[in-house]
Each structure stands twice: as C-alpha cells, then as structure tokens.
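Asker: Pasting a structure here, questions to come.
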Amino acid sequence: DRSVITPSAAKRPPITKVVPGVQVQARIASDSTGQARFLLRLPDDWNGRLVVAGASGTRSEFNGDFAWSDYVVQQGYAYASQNKGVLNLRITSLSSATPPNALACRLNPASSVWVNFYDNDDGQPFTRWVDYMVKAARIAQDGVKSAYGKSARYTYAVGTSNGGYQVRRALEAAPKVFDGGVDWEGTFVDEGGPNLLTDLPAAILN
C-alpha cells in the first residue's frame with residue numbers, strides 16, 4: 001500500500017536517523033465485521049504531539065507510511081492510522097472472460113482476474129469512514145497518555161484523497177478531538193446529485 005501511494009523513492013521523505021520506539025498493530029474490537037485495523041507508533045523522543053492519518057482509496061493502515069509517517073515520526077510526533085473500518089478487496093475469479101458477479105471488477109482492463117471490494121458489502125456505507133477516523137484518534141490519545149504518562153498537547157488529522165475526506169468529516173464531526181488537520185486533495189461528495197457516487201457508476205457502465 002505505501003509503495004502504491006508513494007511509488008517514487010526519490011519523492012519520499014529522507015530517512016535521516018533511527019527512531020527508537022514502540023509500534024502497536026491492533027484490531028478495533030467494536031467492529032462487528034472484524035475488518036477494522038489500527039496502527040500506533042510511539043517514538044521514545046516524543047515531542048508531545050500526535051498525528052492521526054486517514055487512509056487513501058480503500059487501502060490499509062500502512063498506506064501513509066512513506067507519505068506521512070516517515071516524516072512526522074522523525075520529527076518526534078506520535079503517529080496513528082487506520083483502514084476506515086474496511087478491508088480492501090478479495091479475488092473472486094483468477095481467470096474469467098466475463099464478470100463472475102454483478103459487482104466484480106477487473107484488476108486492470110487487460111486482466112482476467114476479477115475482484116470484489118469489501119466496501120460494496122452490506123453494512124459498509126462510506127459514511128462510516130469518519131467514525132473510524134475519530135475512533136483511531138481517541139484510541140491513539142489513550143495510547144499516548146498510557147505510554148508517556150501525559151496527554152498529547154495537540155492532535156492533528158492528515159489524509160490524502162479518501163483519507164482527506166476522512167480528515168474533513170472528522171474535523172466537522174469531532175472538533176474537540178482534533179486541533180487541526182490537512183485535507184490533501186480530499187474526495188468531496190455533495191449530498192445532492194449529480195455527485196461522485198452517481199457519476200462514477202455511470203462512467204463504469206459506459
């Protein structure tokens with residue numbers, strides 16, 4: 001995931017030093033589907049601040065490692081991320097000339113491999129993404145306090161694309177949890193049509 005989001009090594013933040021600390025990988029237990037994932041990095045030399053990252057596309061909690069984590073952790077920030085409460089995709093056919101089901105999608109136009117996205121499953125509306133951004137921030141704040149014996153002075157939200165959407169909605173929905181945020185080219189879905197959700201299916205069908 002991180003290599004897809006930041007494929008060019010030349011454009012990644014330079015690694016200038018080793019950062020001793022603790023990494024926590026976990027599942028969010030309140031998620032009934034068992035898909036919600038959480039990541040927390042706690043540098044020993046902590047600067048008193050916390051960065052919480054959204055997830056681009058339908059990607060994992062590791063998608064922002066090169067784009068966000070490598071930079072902020074070297075600056076002393078604690079870093080948290082999540083996967084919007086949903087896994088990415090599952091393979092439904094390794095070789096088929098036609099879609100194996102109504103929601104199947106080719107991996108690329110020339111591929112005979114078909115996949116289904118977990119986001120299309122029942123009970124996975126994209127409006128849940130904000131819930132997991134806020135949950136991740138609150139869990140991370142508790143983790144920071146437990147690790148360092150004091151609360152973070154500031155908590156920032158960051159994200160690109162669908163992760164940027166998470167940032168914008170999290171700041172709107174939970175302004176007391178965050179002190180600021182960076183919405184980097186975040187997806188915008190207007191509640192009235194036409195919008196991304198009405199135009200994208202039409203483009204796929206055409």
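Numbering starts fresh at 1 for the residues of each chain in the structure tokens, the chains themselves are lettered A, B, ... in the order given, and ligands are numbered from 1 as they appear.
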Under the rule of at most 10 Å, produce a per-residue listing of stretch 22-96 of chain A near stretch 180-191 of chain A: chain, number, name, the closest pair of atoms, and the distance in Å, as a Markdown table, using only C-alpha atoms.
Answerer:
| residue | atom | partner | partner_atom | distance |
| --- | --- | --- | --- | --- |
| A:Val51 | CA | A:Gly181 | CA | 9.0 |
| A:Val52 | CA | A:Gly181 | CA | 9.1 |
| A:Ala53 | CA | A:Val182 | CA | 9.5 |
| A:Gly54 | CA | A:Asp183 | CA | 9.4 |
| A:Ser56 | CA | A:Gly186 | CA | 9.0 |
| A:Gly57 | CA | A:Thr187 | CA | 9.6 |
Asker: Write the residues you've just listed into a file as a PDB file, in the first residue's frame, and include C-alpha atoms for each of them.
Answerer:
ATOM      1  CA  VAL A  51      -0.746  12.880  14.085  1.00  0.00           C
ATOM      2  CA  VAL A  52      -3.703  10.712  13.032  1.00  0.00           C
ATOM      3  CA  ALA A  53      -3.803   9.677   9.372  1.00  0.00           C
ATOM      4  CA  GLY A  54      -6.698   8.848   7.102  1.00  0.00           C
ATOM      5  CA  SER A  56      -6.347   6.765   0.794  1.00  0.00           C
ATOM      6  CA  GLY A  57      -8.556   4.773  -1.572  1.00  0.00           C
TER       7      GLY A  57
END
Asker: What are the closest atom pairs, with distances in Å to one decimal, for each residue of stretch 18-109 of chain A lying within 7 Å of stretch 152-155 of chain A, using only C-alpha atoms, rows by chain and rising residue number, as a tab-separated table?
Answerer:
residue	atom	partner	partner_atom	distance
A:Gly48	CA	A:Ala152	CA	5.2
A:Arg49	CA	A:Tyr154	CA	5.0
A:Leu50	CA	A:Thr155	CA	4.7
A:Val51	CA	A:Thr155	CA	5.8
Asker: Which residues are near A:Glu172? Cut-off 12 Å, only C-alpha atoms, ignore same chain within fewer than 5 positions. Put them as a PyMOL selection string.
Answerer: chain A and resi 130-131+133-134+157+165-167+177-181
Asker: With C-alpha atoms kept, could you save the residues just selected as a short mmCIF file (atom, residue, chain, number, x, y, z; two decimals), in the first residue's frame?
Answerer:
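The result, stored in part-v4.cif:
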data_model
loop_
_atom_site.label_atom_id
_atom_site.label_comp_id
_atom_site.auth_asym_id
_atom_site.auth_seq_id
_atom_site.Cartn_x
_atom_site.Cartn_y
_atom_site.Cartn_z
CA VAL A 130 -15.44 9.26 9.69
CA ASP A 131 -16.34 7.07 12.66
CA MET A 133 -11.01 8.27 11.95
CA VAL A 134 -12.44 9.58 15.21
CA ALA A 157 -5.58 14.86 11.35
CA TYR A 165 -12.37 13.14 3.10
CA GLN A 166 -11.89 11.44 6.48
CA VAL A 167 -9.97 14.47 7.74
CA VAL A 177 -10.85 15.67 19.36
CA PHE A 178 -8.60 17.45 16.84
CA ASP A 179 -6.66 20.70 16.97
CA GLY A 180 -6.24 20.97 13.20
CA GLY A 181 -5.88 18.98 10.02
#
Asker: Which residues of stretch 58-99 of chain A come within 12 Å of stretch 42-45 of chain A, and what is each one's closest atom pair and distance in Å (one decimal), counting only C-alpha atoms, sorted by chain and residue number, as a Markdown table?
Answerer:
| residue | atom | partner | partner_atom | distance |
| --- | --- | --- | --- | --- |
| A:Ser69 | CA | A:Leu42 | CA | 11.1 |
| A:Asp70 | CA | A:Pro43 | CA | 11.5 |
| A:Val72 | CA | A:Pro43 | CA | 10.2 |
| A:Val73 | CA | A:Pro43 | CA | 6.7 |
| A:Gln74 | CA | A:Pro43 | CA | 8.4 |
| A:Gln75 | CA | A:Asp45 | CA | 9.0 |
| A:Gly76 | CA | A:Asp45 | CA | 5.9 |
| A:Tyr77 | CA | A:Pro43 | CA | 7.2 |
| A:Ala78 | CA | A:Leu42 | CA | 4.9 |
| A:Tyr79 | CA | A:Leu42 | CA | 6.8 |
| A:Ala80 | CA | A:Leu42 | CA | 8.8 |
Asker: For those residues, write C-alpha atoms to a file as a compact mmCIF listing (two decimals), in the first residue's frame.
Answerer:
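File produced: selection33.txt:
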# COMPACT_ATOMS: atom_id res chain seq x y z
CA SER A 69 4.63 8.57 8.96
CA ASP A 70 8.29 8.60 7.95
CA VAL A 72 6.40 13.04 11.29
CA VAL A 73 7.89 10.22 13.37
CA GLN A 74 11.40 11.53 12.66
CA GLN A 75 10.20 14.91 13.96
CA GLY A 76 9.10 13.28 17.24
CA TYR A 77 5.35 13.05 16.64
CA ALA A 78 3.38 10.00 17.72
CA TYR A 79 1.59 8.62 14.66
CA ALA A 80 -1.66 6.69 14.29
Asker: At a cut-off of 10 Å, using only C-alpha atoms, what residues contact A:Arg37? Leave out same-chain residues fewer than 4 positions from it and give the result as a PDB file with N, CA and C atoms, in the first residue's frame.
Answerer:
ATOM      1  N   GLN A  25       0.091  -2.701  16.558  1.00  0.00           N
ATOM      2  CA  GLN A  25      -0.845  -3.060  15.493  1.00  0.00           C
ATOM      3  C   GLN A  25      -2.016  -3.782  16.139  1.00  0.00           C
ATOM      4  N   ALA A  26      -3.227  -3.348  15.799  1.00  0.00           N
ATOM      5  CA  ALA A  26      -4.383  -3.888  16.513  1.00  0.00           C
ATOM      6  C   ALA A  26      -5.622  -3.920  15.628  1.00  0.00           C
ATOM      7  N   ARG A  27      -6.635  -4.606  16.129  1.00  0.00           N
ATOM      8  CA  ARG A  27      -7.963  -4.610  15.535  1.00  0.00           C
ATOM      9  C   ARG A  27      -8.888  -3.839  16.449  1.00  0.00           C
ATOM     10  N   ILE A  28      -9.803  -3.060  15.868  1.00  0.00           N
ATOM     11  CA  ILE A  28     -10.774  -2.318  16.678  1.00  0.00           C
ATOM     12  C   ILE A  28     -11.903  -3.271  17.055  1.00  0.00           C
ATOM     13  N   ALA A  29     -11.959  -3.642  18.322  1.00  0.00           N
ATOM     14  CA  ALA A  29     -12.816  -4.735  18.778  1.00  0.00           C
ATOM     15  C   ALA A  29     -14.300  -4.462  18.590  1.00  0.00           C
ATOM     16  N   ASP A  31     -15.791  -3.341  16.073  1.00  0.00           N
ATOM     17  CA  ASP A  31     -16.232  -3.572  14.701  1.00  0.00           C
ATOM     18  C   ASP A  31     -16.743  -4.993  14.545  1.00  0.00           C
ATOM     19  N   SER A  60      -4.948   0.100   3.353  1.00  0.00           N
ATOM     20  CA  SER A  60      -4.740  -0.334   4.733  1.00  0.00           C
ATOM     21  C   SER A  60      -4.206   0.794   5.605  1.00  0.00           C
ATOM     22  N   GLU A  61      -4.032   0.461   6.855  1.00  0.00           N
ATOM     23  CA  GLU A  61      -3.497   1.406   7.840  1.00  0.00           C
ATOM     24  C   GLU A  61      -2.018   1.724   7.588  1.00  0.00           C
ATOM     25  N   PHE A  62      -1.376   0.997   6.666  1.00  0.00           N
ATOM     26  CA  PHE A  62       0.031   1.256   6.343  1.00  0.00           C
ATOM     27  C   PHE A  62       0.191   2.150   5.109  1.00  0.00           C
ATOM     28  N   SER A  81      -2.818   5.491  12.542  1.00  0.00           N
ATOM     29  CA  SER A  81      -3.528   5.346  11.282  1.00  0.00           C
ATOM     30  C   SER A  81      -4.568   4.237  11.417  1.00  0.00           C
ATOM     31  N   GLN A  82      -5.429   4.131  10.418  1.00  0.00           N
ATOM     32  CA  GLN A  82      -6.498   3.129  10.418  1.00  0.00           C
ATOM     33  C   GLN A  82      -6.892   2.837   8.970  1.00  0.00           C
ATOM     34  N   ASN A  83      -7.783   1.869   8.781  1.00  0.00           N
ATOM     35  CA  ASN A  83      -8.151   1.457   7.423  1.00  0.00           C
ATOM     36  C   ASN A  83      -9.614   1.760   7.088  1.00  0.00           C
ATOM     37  N   LYS A  84     -10.186   2.746   7.729  1.00  0.00           N
ATOM     38  CA  LYS A  84     -11.588   3.156   7.530  1.00  0.00           C
ATOM     39  C   LYS A  84     -12.584   2.076   7.949  1.00  0.00           C
ATOM     40  N   GLY A  85     -12.111   1.082   8.695  1.00  0.00           N
ATOM     41  CA  GLY A  85     -13.003   0.035   9.176  1.00  0.00           C
ATOM     42  C   GLY A  85     -13.338  -1.017   8.150  1.00  0.00           C
ATOM     43  N   VAL A  86     -12.581  -1.050   7.035  1.00  0.00           N
ATOM     44  CA  VAL A  86     -12.933  -1.995   5.968  1.00  0.00           C
ATOM     45  C   VAL A  86     -11.662  -2.476   5.271  1.00  0.00           C
ATOM     46  N   LEU A  87     -11.637  -3.758   4.902  1.00  0.00           N
ATOM     47  CA  LEU A  87     -10.530  -4.297   4.131  1.00  0.00           C
ATOM     48  C   LEU A  87     -10.641  -3.845   2.674  1.00  0.00           C
ATOM     49  N   TYR A 132     -14.355   5.803  12.043  1.00  0.00           N
ATOM     50  CA  TYR A 132     -13.097   5.127  12.336  1.00  0.00           C
ATOM     51  C   TYR A 132     -11.932   6.095  12.440  1.00  0.00           C
ATOM     52  N   ALA A 136      -9.948   6.096  15.878  1.00  0.00           N
ATOM     53  CA  ALA A 136      -8.491   5.960  15.868  1.00  0.00           C
ATOM     54  C   ALA A 136      -7.844   7.072  16.675  1.00  0.00           C
TER      55      ALA A 136
END
Asker: Determine which residues of stretch 33-147 of chain A receive a DSSP assignment of strand (DSSP E or B), computed from the backbone, and state them as an MDAnalysis selection string.
Answerer: chainID A and resid 37:43 49:53 78:82 89:93 105:106 114:117
Asker: A:Gln35, A:Ser30, A:Ser96, A:Asn47: which is nearest A:Tyr148, counting only C-alpha atoms?
Answerer: A:Asn47
Asker: Which residue, A:Gly163, A:Gly34, A:Pro20, A:Pro99, has the smallest gap to A:Tyr118 when you use only C-alpha atoms?
Answerer: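 Nearest to A:Tyr118: A:Gly34.
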